[in-house]
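Here the structure is laid out as structure tokens; the discussion comes afterwards.
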Amino acid sequence: MARLTSTLASRISLLMLLAHGVLLPLLFFGVMHVVERSQVDQFLEQVRGFARVVADQFELGDALDSPERSKALLDSAILRGDGAYAELRAGGRDIRSELGLAGVQRPPHQDLDVGQGDDEVYFIMLPLDHAGRQAELWLGFDERTLTAEIAEARSRVLAVLAAYFASTMVLALLVGRWLSRPLTELQQRSRRVASGDYALHLAATTSLREVVELGRDLDRMRGELVGVSERLRQEIVAKEAVESERRTLEVQLRRRHRLETVGTLAGGVAHEFNNALVPIILYTESLLLDAPEGSSDAEQLQGVLSAAKRARDIVRKVLVFSRDFDSTRLGPVRLESAVDEALKLFTALVPASIDVRQELAADIPTVLADQGLLTQLIMNLCTNAFQAMQATGGVLTIGVRVDRSVVPPIVELYVADTGHGMDSATVERIFEPFFTTREVGSGTGLGLAVAHGIATSFGASIVVDSNPGEGATFRVRFPTGQRADAHNLAAEPEPMRSAR
Ligand SMILES: Nc1ncnc2c1ncn2[C@@H]1O[C@H](COP(=O)(O)OP(=O)(O)OP(=O)(O)O)[C@@H](O)[C@H]1O
Ligand SMILES: [Mg+2]
């Protein structure tokens, strides 16, 4: 039931049904009362008038004198009107017409209204007075025509009311539908908005002011909610960006601290080793001068000397990483010429399976660096790239580009390979001195530590992009617009890394 009356159309129809349930019977009985009354009044007027005419005929003529004439007059009264009964009672002599309805009995008193008794005959008694002779004229009229007419009127009224009721109900349904259509449209649009179509306007195609205003209010609400949710979304995105930036900075800071600690420790150890190596080399060299050439002593001393020199090389590399070298050599350098020089040295070494390419942008600003150290940096990066592709072959790209989206622009030297790449755990540690994934004896793990030290001494930073199986790209980002004499090594560049 609740479901039946839950829609606007059904509710309007139900209300109409209830209203008609109460009003239609009242209307029906009211109308029927008026109709019946007027029919009865008309009947009575007619029969009374007719009876008067018959009575006049008896009083004015001499019909009362002759029983035959009286009977003829009574017969003609029955034949002319809706006569059902006609009788004349005069001085104990009753004359009755035989033409009336059979079996009808005269009541003791005349009828006061239609429908009295159960004989379906309306009786009128008229007293007659003719030349001092008194008589009673009894006339009976058939009520069945009247009853039939009233019954017919009743069914007509019923039919009209039923047609009226049916058309009102249909109208109520149509009005309900017509009223609910714009509301349904608004509802469907609201659902679409709720399911993500935020740009959809909430309005219904109607001229109903209330619905138009409801749509306008809802649309305003939609606009505000969309605005709020967009603001919230932007705030969340901004928060996430800040959060990820914070995490990146944290990682960078941790790495920088670790490298600094390792750098300080390695630098200290390297210093001490250097101090110890100097006398070893000097004494060995002087002993070597005294030893006879080709003797086994000279041979062994030569072994000591070359081992000591190798140790000094390593110590030097560690010192480069810990930035313990002369900085006064920095000056403006053209990266294109450094790349050229490194390529000249390098292309002679690589096999044909490795395709070496060069990409140089136009108008590259000079950067503050040392040509020799720069070449060493490029060589270290190229060597690693070559080693990553040694087994498979591939493409090694060395290039220089200028990032002019920042002021002053940044000059970027990049070395990219299509080798085996690195996982994030390896990327995390590659700049640490002595970190290597190569077999014992084939790598010291100092190449990138030195590259990092050199880049840092130029005020540049190194960024790496790499994933396992996808090669690696190392980028050395040089700031521009610095003057050689103003270059301050104390200004720490940010060692950076980003892995895809
Ligand atoms: N281009 C590259 N592709 C893949 N892995 C690389 C690449 N460059 C460096 N690596 C990884 O970083 C590690 C450290 O490199 P680094 O140059 O410091 O030392 P090394 O090459 O192992 O030894 P050394 O350079 O002293 O001979 C390497 O062992 C290798 O695992
Ligand atoms: Mg290396």
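Numbering starts fresh at 1 for the residues of each chain in the structure tokens, the chains themselves are lettered A, B, ... in the order given, and ligands are numbered from 1 as they appear.
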Please give me, as number ranges by chain, the residues lying within 8 Å of ligand 1 when counting only C-alpha atoms and all ligand atoms.
A: 380-389, 416-417, 419-422, 426-427, 429-438, 442-450, 466, 471-474
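The shell of residues at most 9 Å from His109 of chain A, with only C-alpha atoms counted and near chain neighbours (fewer than 2 positions) removed, consists of Arg106, Pro107, Asp111, Leu112, Phe123, Ile124 and Met125 of chain A.
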Applying 10 Å and only C-alpha atoms, which residues near Val262 of chain A remain after dropping the ones on its own chain fewer than 5 positions away? List them as a list in words.
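The residues satisfying every condition are Arg256, His257, Gly267, Gly268, Phe321, Ser322, Glu432 and Pro433 of chain A.
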Limited to C-alpha atoms, could you put the picked residues into a file as a short mmCIF file (atom, residue, chain, number, x, y, z; two decimals), in the first residue's frame?
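Dumped to result.cif:
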```cif
data_model
loop_
_atom_site.label_atom_id
_atom_site.label_comp_id
_atom_site.auth_asym_id
_atom_site.auth_seq_id
_atom_site.Cartn_x
_atom_site.Cartn_y
_atom_site.Cartn_z
CA ARG A 256 74.45 13.20 1.98
CA HIS A 257 75.17 12.66 5.68
CA GLY A 267 89.76 11.20 3.64
CA GLY A 268 91.42 10.79 7.07
CA PHE A 321 86.12 11.76 -3.44
CA SER A 322 86.65 13.51 -0.12
CA GLU A 432 79.74 5.31 -1.79
CA PRO A 433 83.49 4.68 -2.07
#
```
DSSP on the backbone: which residues in segment 219-371 of chain A end up as helix (DSSP H, G or I)? Give the answer as a VMD selection string.
chain A and resid 219 to 290 296 to 321 335 to 347 371
With C-alpha atoms retained, export the selected residues as a short mmCIF file (atom, residue, chain, number, x, y, z; two decimals), in the first residue's frame.
```cif
data_model
loop_
_atom_site.label_atom_id
_atom_site.label_comp_id
_atom_site.auth_asym_id
_atom_site.auth_seq_id
_atom_site.Cartn_x
_atom_site.Cartn_y
_atom_site.Cartn_z
CA ASP A 219 22.32 23.47 -8.99
CA ARG A 220 23.77 26.16 -6.74
CA MET A 221 24.35 23.49 -4.12
CA ARG A 222 26.00 21.27 -6.74
CA GLY A 223 28.27 24.15 -7.78
CA GLU A 224 29.34 24.74 -4.19
CA LEU A 225 29.89 21.04 -3.49
CA VAL A 226 31.87 20.60 -6.70
CA GLY A 227 33.93 23.66 -5.77
CA VAL A 228 34.55 22.32 -2.28
CA SER A 229 35.46 18.85 -3.51
CA GLU A 230 37.76 20.34 -6.19
CA ARG A 231 39.43 22.48 -3.53
CA LEU A 232 39.79 19.42 -1.29
CA ARG A 233 41.19 17.42 -4.19
CA GLN A 234 43.71 20.14 -4.97
CA GLU A 235 44.67 20.40 -1.31
CA ILE A 236 45.15 16.63 -1.12
CA VAL A 237 47.26 16.66 -4.32
CA ALA A 238 49.32 19.57 -2.98
CA LYS A 239 49.71 17.79 0.36
CA GLU A 240 50.80 14.59 -1.36
CA ALA A 241 53.30 16.55 -3.47
CA VAL A 242 54.71 18.23 -0.34
CA GLU A 243 54.83 14.88 1.42
CA SER A 244 56.67 13.17 -1.44
CA GLU A 245 59.03 16.15 -1.73
CA ARG A 246 59.67 15.87 2.01
CA ARG A 247 60.42 12.14 1.68
CA THR A 248 62.79 12.76 -1.26
CA LEU A 249 64.59 15.48 0.68
CA GLU A 250 64.86 13.18 3.69
CA VAL A 251 66.41 10.45 1.55
CA GLN A 252 68.81 12.98 0.02
CA LEU A 253 69.76 14.33 3.41
CA ARG A 254 70.39 10.87 4.80
CA ARG A 255 72.52 9.96 1.77
CA ARG A 256 74.45 13.20 1.98
CA HIS A 257 75.17 12.66 5.68
CA ARG A 258 76.31 9.12 4.98
CA LEU A 259 78.56 10.27 2.13
CA GLU A 260 79.95 13.06 4.28
CA THR A 261 80.70 10.67 7.13
CA VAL A 262 82.26 8.14 4.77
CA GLY A 263 84.11 10.97 3.00
CA THR A 264 85.57 12.31 6.27
CA LEU A 265 86.60 8.84 7.41
CA ALA A 266 88.01 7.83 4.01
CA GLY A 267 89.76 11.20 3.64
CA GLY A 268 91.42 10.79 7.07
CA VAL A 269 92.52 7.23 6.34
CA ALA A 270 93.74 8.27 2.87
CA HIS A 271 95.79 11.10 4.38
CA GLU A 272 97.46 8.76 6.85
CA PHE A 273 98.08 6.19 4.10
CA ASN A 274 99.53 8.89 1.87
CA ASN A 275 101.85 9.96 4.64
CA ALA A 276 102.95 6.34 5.10
CA LEU A 277 103.30 5.76 1.36
CA VAL A 278 105.56 8.74 0.69
CA PRO A 279 108.56 7.35 2.71
CA ILE A 280 107.89 3.84 1.38
CA ILE A 281 108.11 5.09 -2.21
CA LEU A 282 111.06 7.41 -1.54
CA TYR A 283 113.10 4.76 0.30
CA THR A 284 112.26 2.11 -2.27
CA GLU A 285 113.27 4.45 -5.10
CA SER A 286 116.59 5.27 -3.41
CA LEU A 287 117.24 1.56 -2.69
CA LEU A 288 116.39 0.82 -6.33
CA LEU A 289 119.04 3.32 -7.46
CA ASP A 290 121.67 1.37 -5.47
CA SER A 296 116.59 -10.14 -7.91
CA ASP A 297 116.78 -7.34 -5.29
CA ALA A 298 116.04 -4.77 -8.01
CA GLU A 299 113.18 -6.90 -9.26
CA GLN A 300 111.64 -7.22 -5.80
CA LEU A 301 112.14 -3.53 -5.07
CA GLN A 302 110.40 -2.75 -8.40
CA GLY A 303 107.47 -4.91 -7.19
CA VAL A 304 107.32 -3.01 -3.91
CA LEU A 305 107.45 0.31 -5.80
CA SER A 306 104.65 -0.53 -8.25
CA ALA A 307 102.44 -1.90 -5.43
CA ALA A 308 103.07 1.27 -3.44
CA LYS A 309 102.26 3.41 -6.48
CA ARG A 310 99.03 1.50 -7.05
CA ALA A 311 98.16 2.09 -3.43
CA ARG A 312 98.96 5.82 -3.94
CA ASP A 313 96.56 5.89 -6.95
CA ILE A 314 93.79 4.48 -4.84
CA VAL A 315 94.57 6.91 -2.05
CA ARG A 316 94.44 9.76 -4.57
CA LYS A 317 91.05 8.63 -5.78
CA VAL A 318 89.76 8.53 -2.21
CA LEU A 319 91.16 11.99 -1.69
CA VAL A 320 89.36 13.21 -4.81
CA PHE A 321 86.12 11.76 -3.44
CA LEU A 335 81.68 21.11 -22.17
CA GLU A 336 81.63 20.31 -25.90
CA SER A 337 85.44 20.17 -26.00
CA ALA A 338 85.57 18.04 -22.83
CA VAL A 339 83.08 15.62 -24.44
CA ASP A 340 85.14 15.60 -27.66
CA GLU A 341 88.31 14.82 -25.82
CA ALA A 342 86.75 12.06 -23.70
CA LEU A 343 85.19 10.52 -26.82
CA LYS A 344 88.55 10.54 -28.62
CA LEU A 345 90.08 8.59 -25.76
CA PHE A 346 87.09 6.35 -25.34
CA THR A 347 86.03 5.35 -28.88
CA GLN A 371 89.36 20.30 -17.93
#
```
Would you list the contacts of segment 165-171 of chain A as an MDAnalysis selection string, taking every protein, DNA or RNA residue within 12 Å and counting only C-alpha atoms, but skipping same-chain residues closer than 2 positions in sequence?
chainID A and resid 9:21 23:25 27:28 158:163 173:179
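Between ligand 2 and the candidates A:Arg475, A:His201, A:His452, A:Arg216, the tightest atom-to-atom separation, counting only C-alpha atoms and all ligand atoms, involves A:His452.
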